[in-house]
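Chemist: Starting off with a structure, shown below.
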Amino acid sequence: MTRPVGNLEKFSTVRHAHGFYRCVGNTARYSFPSSLKDLSALLEIALAKVILQHASLCVGITREDTETSQFVRLESINVYQCIEYHKLKSSTPNEYEQGLIKVLERQHSALWPDIDRLPPWKLIIMQSDTTSSTGRMTFDAMFAFHHAIADGLSGVAFHRTLVSALNTPSSTASLKSHILTIPKAMNLSPPLEKCVSFTNSWLYIIQQIWKEFGPRLPFTTLPPDAWTSTPPSLDSVKNYTSRLEAFFIAPELVPKILVECRKHNTTLTGLMQALAALSLAQSVPEAETFTQTCPFSLRHLSGTSPDAIVVQVSAYESTFPVPVISSLRSTPNPTKLSTILWSLAQSFKTELTREIASLPKNNIIGMIPYISNMHNFMLGKFGKKRGATYELSNAGAFVNEAGEGVEWKIERMMFSQSGSATGSAMAVSVASVKGGELSVCVTWLQGDIEEGIVKKVREGLERGLVRLGEGKELGG
């Protein structure tokens, strides 16, 4: 046994055991100056080197359906079987992108098989079925993984390690007939609770317990009734189909968007929260308000390297004030609407900064030890109101290596995840490459939210970002 699954990691093993949440993915577009004769052999050697640098890639999971699940060291890994190849039809760029999205949707809908003896991750390579006229070698590589072994920043770290391995080619990885022997010295990082000591006040504990289990009594003061789509449904799990829509902001627009965010004392995440609120306010006119949840990294508390593959995240949850949602609906003047949006973006940045500064006190991660049975806790969510309307995650901007001999580059980065049967109704996941495109993926579990609402949110986010990048008013 390598070690028991930690508190936060168990959150994902339980969801996967029941099929409620299945896969996270970071998809990078790799580029090489010329064509290659044997890409598969090159990738296999590079991937073997990556595996030996990350203990999280060397483990399986046993007893996932119990409260005592364990990570176990795999004695060996067939690296060839960890890579999957797809040739996508691409008579047009849009046809290729639609093919890529279908591959991502299929992977996000799949459970990880035999994870007691096989690694719960894979590398999926997608290439055009036509030869590039530029002579460059390009392909998209999805690092797909079980959320118990890695978080979103870990996906970025994986690609950083892989592109580095491609830029320093060698045959030093100990591969024998595709088999990589895992050294016994490979040790997993300790679980989050061993790295950060969370402390919660009694008032915070009571508030969280009441929020989760307390009845709605007439004499209690309740927060606004946020619209969070339909309650979790076992029918959606039975017919589990994870859906994905994506859009991309052109490289020349991204710096202009970031400049405007700094000018208005906010961040890209804050801006997108405001645009999401506007899109939902317009798409669900009967809703009083909405609740968002925004994951953030805890590596600054644990001292963990950004290059590590770990699970160290928490999330900030908040409900938009009802008057703000009302004003988003009732303000036709573009200038006034822009002022409201920027104010909302600023407020979100302030609130999130305050939440992070208060750590490790009064955070939801510190409540996990109070859950005596995680399986029953998750099953108890069905038929009840969802905790959040949507999740918005930002994996940040990938920075390519610079210097002599660096030929492999990453041109684009996508971040996506499976639909969550017991979580928010949809997820907005953001990633970018410095100097390149900004990608936004919107994912949901089919049946949990109307597809038309998701499409309107996606369109609203794209419209707002493009307008800002083109120098137009945000509220137009």
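Chain labels follow the order of the structure tokens: the first chain is A, the next B, and so on; residue numbering restarts at 1 in every chain, and ligands are counted from 1 in their shown order.
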Each residue of stretch 388-458 of chain A with at least one atom at most 12 Å from stretch 253-269 of chain A should appear once, together with its nearest atom pair and the corresponding distance in Å (one decimal); atoms considered: only C-alpha atoms; ordering: chain, then increasing residue number; output as a tab-separated table.

Modeler:
```
residue	atom	partner	partner_atom	distance
A:Glu391	CA	A:Thr269	CA	11.3
A:Leu392	CA	A:Thr269	CA	7.8
A:Ser393	CA	A:Thr269	CA	7.9
A:Asn394	CA	A:Thr269	CA	6.8
A:Ala395	CA	A:Thr269	CA	10.3
A:Gly396	CA	A:Leu268	CA	9.7
A:Ala397	CA	A:Val254	CA	11.0
A:Val428	CA	A:Thr269	CA	10.5
A:Ser429	CA	A:Thr269	CA	10.2
A:Val430	CA	A:Thr269	CA	8.7
A:Ala431	CA	A:Leu268	CA	10.8
A:Ser432	CA	A:Val254	CA	9.3
A:Val433	CA	A:Val254	CA	10.1
A:Lys434	CA	A:Val254	CA	9.2
A:Gly435	CA	A:Val254	CA	8.2
A:Gly436	CA	A:Val254	CA	8.0
A:Glu437	CA	A:Val254	CA	7.1
A:Leu438	CA	A:Val254	CA	6.8
A:Ser439	CA	A:Val254	CA	10.3
A:Val440	CA	A:Thr269	CA	11.5
```

Chemist: Export, as a CSV table (one decimal), in the first residue's frame, the selected residues with C-alpha atoms.

Modeler:
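Output below, filename again.csv:
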```csv
chain,number,residue,atom,x,y,z
A,391,GLU,CA,-18.5,26.5,-11.3
A,392,LEU,CA,-15.9,28.8,-12.8
A,393,SER,CA,-12.3,27.5,-12.8
A,394,ASN,CA,-9.2,29.2,-14.3
A,395,ALA,CA,-6.1,27.0,-14.9
A,396,GLY,CA,-4.1,30.1,-15.8
A,397,ALA,CA,-1.7,30.8,-18.6
A,428,VAL,CA,-17.0,27.0,-17.0
A,429,SER,CA,-13.3,26.1,-17.3
A,430,VAL,CA,-10.7,28.6,-18.6
A,431,ALA,CA,-7.1,28.1,-19.8
A,432,SER,CA,-4.6,29.9,-22.1
A,433,VAL,CA,-1.1,30.0,-23.4
A,434,LYS,CA,0.9,33.2,-23.0
A,435,GLY,CA,0.9,34.9,-26.4
A,436,GLY,CA,-1.8,32.5,-27.7
A,437,GLU,CA,-5.5,31.8,-27.6
A,438,LEU,CA,-7.7,31.9,-24.5
A,439,SER,CA,-10.0,28.8,-24.4
A,440,VAL,CA,-13.2,28.5,-22.5
```

Chemist: Write out as a list of chain:residue names which residues come within 7 Å of stretch 38-54 of chain A when counting only C-alpha atoms, dropping same-chain ones fewer than 2 positions away.

Modeler: A:Leu36, A:Ser56, A:Leu57, A:Cys58, A:Val79, A:Tyr80, A:Thr161, A:Leu162, A:Ala165, A:Leu166, A:Ser171, A:Ala173, A:Leu180, A:Ile309

Chemist: Those residues you just picked out, can you put them in a file as a PDB file, in the first residue's frame with C-alpha atoms?

Modeler:
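This is the output file result-v1.pdb:
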```pdb
ATOM      1  CA  LEU A  36       8.200  13.358 -37.863  1.00  0.00           C
ATOM      2  CA  SER A  56       0.729  10.280  -8.814  1.00  0.00           C
ATOM      3  CA  LEU A  57       0.972   8.706 -12.272  1.00  0.00           C
ATOM      4  CA  CYS A  58       2.362   5.480 -10.773  1.00  0.00           C
ATOM      5  CA  VAL A  79       3.119   2.974 -21.533  1.00  0.00           C
ATOM      6  CA  TYR A  80       1.892   2.043 -25.017  1.00  0.00           C
ATOM      7  CA  THR A 161       6.811  18.068 -18.020  1.00  0.00           C
ATOM      8  CA  LEU A 162       5.861  16.394 -21.310  1.00  0.00           C
ATOM      9  CA  ALA A 165      10.746  15.725 -22.178  1.00  0.00           C
ATOM     10  CA  LEU A 166      10.088  16.171 -25.908  1.00  0.00           C
ATOM     11  CA  SER A 171      16.250   6.776 -24.702  1.00  0.00           C
ATOM     12  CA  ALA A 173      13.637   5.747 -19.863  1.00  0.00           C
ATOM     13  CA  LEU A 180       7.989   0.694 -17.572  1.00  0.00           C
ATOM     14  CA  ILE A 309       0.832  16.582  -9.639  1.00  0.00           C
TER      15      ILE A 309
END
```

Chemist: Among the residues of stretch 206-439 of chain A, find those DSSP assigns to strand (DSSP E or B) from the backbone and print them as a ChimeraX atom specification.

Modeler: /A:226,242-249,289,291-297,313-319,361,390-398,409-417,426-433,438-439

Chemist: Selection from above, C-alpha atoms, as an mmCIF file, in the first residue's frame, can you write it?

Modeler:
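The resulting file, again-v3.cif, is reproduced below:
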```
data_model
loop_
_atom_site.group_PDB
_atom_site.id
_atom_site.type_symbol
_atom_site.label_atom_id
_atom_site.label_comp_id
_atom_site.auth_asym_id
_atom_site.auth_seq_id
_atom_site.Cartn_x
_atom_site.Cartn_y
_atom_site.Cartn_z
ATOM 1 C CA ALA A 226 -30.791 30.934 -5.930
ATOM 2 C CA SER A 242 -21.128 14.530 -20.365
ATOM 3 C CA ARG A 243 -21.541 17.444 -22.771
ATOM 4 C CA LEU A 244 -19.061 20.116 -23.805
ATOM 5 C CA GLU A 245 -19.089 23.371 -25.736
ATOM 6 C CA ALA A 246 -15.984 25.467 -26.327
ATOM 7 C CA PHE A 247 -14.916 28.776 -27.795
ATOM 8 C CA PHE A 248 -11.562 30.442 -28.333
ATOM 9 C CA ILE A 249 -10.500 34.076 -28.067
ATOM 10 C CA THR A 289 -30.464 35.018 -8.252
ATOM 11 C CA THR A 291 -24.874 30.839 -6.810
ATOM 12 C CA GLN A 292 -21.346 30.436 -8.143
ATOM 13 C CA THR A 293 -18.454 28.342 -6.874
ATOM 14 C CA CYS A 294 -14.868 29.169 -7.817
ATOM 15 C CA PRO A 295 -12.051 26.653 -7.154
ATOM 16 C CA PHE A 296 -8.633 27.998 -6.192
ATOM 17 C CA SER A 297 -5.268 26.432 -5.444
ATOM 18 C CA VAL A 313 -7.723 22.900 -4.078
ATOM 19 C CA SER A 314 -10.588 24.534 -2.274
ATOM 20 C CA ALA A 315 -13.432 26.719 -3.539
ATOM 21 C CA TYR A 316 -15.145 30.018 -2.788
ATOM 22 C CA GLU A 317 -18.931 29.970 -3.018
ATOM 23 C CA SER A 318 -21.205 33.007 -3.089
ATOM 24 C CA THR A 319 -24.696 34.058 -4.131
ATOM 25 C CA LYS A 361 -9.383 29.391 8.916
ATOM 26 C CA TYR A 390 -22.243 26.925 -11.931
ATOM 27 C CA GLU A 391 -18.548 26.505 -11.262
ATOM 28 C CA LEU A 392 -15.920 28.753 -12.820
ATOM 29 C CA SER A 393 -12.304 27.492 -12.841
ATOM 30 C CA ASN A 394 -9.240 29.175 -14.307
ATOM 31 C CA ALA A 395 -6.142 27.020 -14.882
ATOM 32 C CA GLY A 396 -4.100 30.110 -15.758
ATOM 33 C CA ALA A 397 -1.720 30.844 -18.621
ATOM 34 C CA PHE A 398 0.826 28.260 -19.765
ATOM 35 C CA LYS A 409 5.926 24.384 -28.238
ATOM 36 C CA ILE A 410 2.408 24.363 -26.857
ATOM 37 C CA GLU A 411 0.201 26.653 -28.926
ATOM 38 C CA ARG A 412 -3.123 26.213 -27.107
ATOM 39 C CA MET A 413 -4.387 24.879 -23.805
ATOM 40 C CA MET A 414 -7.912 23.692 -22.959
ATOM 41 C CA PHE A 415 -9.230 22.792 -19.524
ATOM 42 C CA SER A 416 -12.416 20.750 -19.166
ATOM 43 C CA GLN A 417 -14.188 18.363 -16.829
ATOM 44 C CA MET A 426 -22.601 23.441 -15.306
ATOM 45 C CA ALA A 427 -18.897 24.225 -15.222
ATOM 46 C CA VAL A 428 -16.968 26.951 -17.017
ATOM 47 C CA SER A 429 -13.261 26.080 -17.340
ATOM 48 C CA VAL A 430 -10.684 28.567 -18.616
ATOM 49 C CA ALA A 431 -7.093 28.128 -19.805
ATOM 50 C CA SER A 432 -4.640 29.891 -22.086
ATOM 51 C CA VAL A 433 -1.110 30.015 -23.409
ATOM 52 C CA LEU A 438 -7.726 31.894 -24.525
ATOM 53 C CA SER A 439 -9.966 28.820 -24.399
#
```

Chemist: For A:Leu234, which residue among A:Gly383, A:Ile61, A:Gly403, A:Arg15 is the nearest when counting only C-alpha atoms?

Modeler: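 Using only C-alpha atoms, the shortest distance to A:Leu234 belongs to A:Gly383.
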
Chemist: With a distance cut-off of 10 Å and only C-alpha atoms, select the neighbouring residues of A:Glu401, excluding the residue or stretch itself and same-chain residues fewer than 5 positions from it, and output the selection as JSON, numbers by chain.

Modeler: {"A": [160, 163, 164, 167, 406, 407, 408, 409, 410]}

Chemist: Can you write out as JSON lines which residues of stretch 109-205 of chain A fall within 8 Å of stretch 20-26 of chain A, alongside each residue's closest atom pair and its distance in Å to one decimal, counting only C-alpha atoms and ordering rows by chain and ascending residue number?

Modeler:
```
{"residue": "A:Ser109", "atom": "CA", "partner": "A:Arg22", "partner_atom": "CA", "distance": 6.7}
{"residue": "A:Ala110", "atom": "CA", "partner": "A:Arg22", "partner_atom": "CA", "distance": 6.6}
{"residue": "A:Leu111", "atom": "CA", "partner": "A:Arg22", "partner_atom": "CA", "distance": 5.7}
{"residue": "A:Trp112", "atom": "CA", "partner": "A:Arg22", "partner_atom": "CA", "distance": 7.6}
{"residue": "A:Met142", "atom": "CA", "partner": "A:Asn26", "partner_atom": "CA", "distance": 5.6}
{"residue": "A:Phe143", "atom": "CA", "partner": "A:Asn26", "partner_atom": "CA", "distance": 5.3}
{"residue": "A:Ala144", "atom": "CA", "partner": "A:Gly25", "partner_atom": "CA", "distance": 4.4}
{"residue": "A:Phe145", "atom": "CA", "partner": "A:Val24", "partner_atom": "CA", "distance": 5.5}
{"residue": "A:His146", "atom": "CA", "partner": "A:Cys23", "partner_atom": "CA", "distance": 5.2}
{"residue": "A:His147", "atom": "CA", "partner": "A:Val24", "partner_atom": "CA", "distance": 6.2}
{"residue": "A:Asp151", "atom": "CA", "partner": "A:Val24", "partner_atom": "CA", "distance": 7.9}
{"residue": "A:Gly152", "atom": "CA", "partner": "A:Asn26", "partner_atom": "CA", "distance": 7.4}
{"residue": "A:Gly155", "atom": "CA", "partner": "A:Asn26", "partner_atom": "CA", "distance": 5.4}
{"residue": "A:Val156", "atom": "CA", "partner": "A:Asn26", "partner_atom": "CA", "distance": 6.7}
```

Chemist: Quick one: everything within 10 Å of A:Glu64, counting only C-alpha atoms, minus sequence neighbours fewer than 2 positions away in the same chain. Send it as a ChimeraX atom specification.

Modeler: /A:5,10,12-18,61-62,66-71,115-116

Chemist: So, counting only C-alpha atoms, which residue among A:Phe11, A:Phe158, A:Tyr85, A:Phe320 is closest to A:Thr422?

Modeler: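 The answer is A:Phe11, which sits nearest to A:Thr422.
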
Chemist: What's the 7 Å shell around stretch 181-186 of chain A, counting only C-alpha atoms, without same-chain residues fewer than 6 positions away, as an mmCIF file with C-alpha atoms, in the first residue's frame?

Modeler:
```cif
data_model
loop_
_atom_site.group_PDB
_atom_site.id
_atom_site.type_symbol
_atom_site.label_atom_id
_atom_site.label_comp_id
_atom_site.auth_asym_id
_atom_site.auth_seq_id
_atom_site.Cartn_x
_atom_site.Cartn_y
_atom_site.Cartn_z
ATOM 1 C CA ALA A 55 4.438 9.479 -8.310
ATOM 2 C CA CYS A 58 2.362 5.480 -10.773
ATOM 3 C CA LEU A 74 1.767 -0.155 -9.599
ATOM 4 C CA GLU A 75 4.748 -2.429 -10.125
ATOM 5 C CA SER A 76 4.811 -1.633 -13.843
ATOM 6 C CA ILE A 77 2.922 0.359 -16.480
#
```
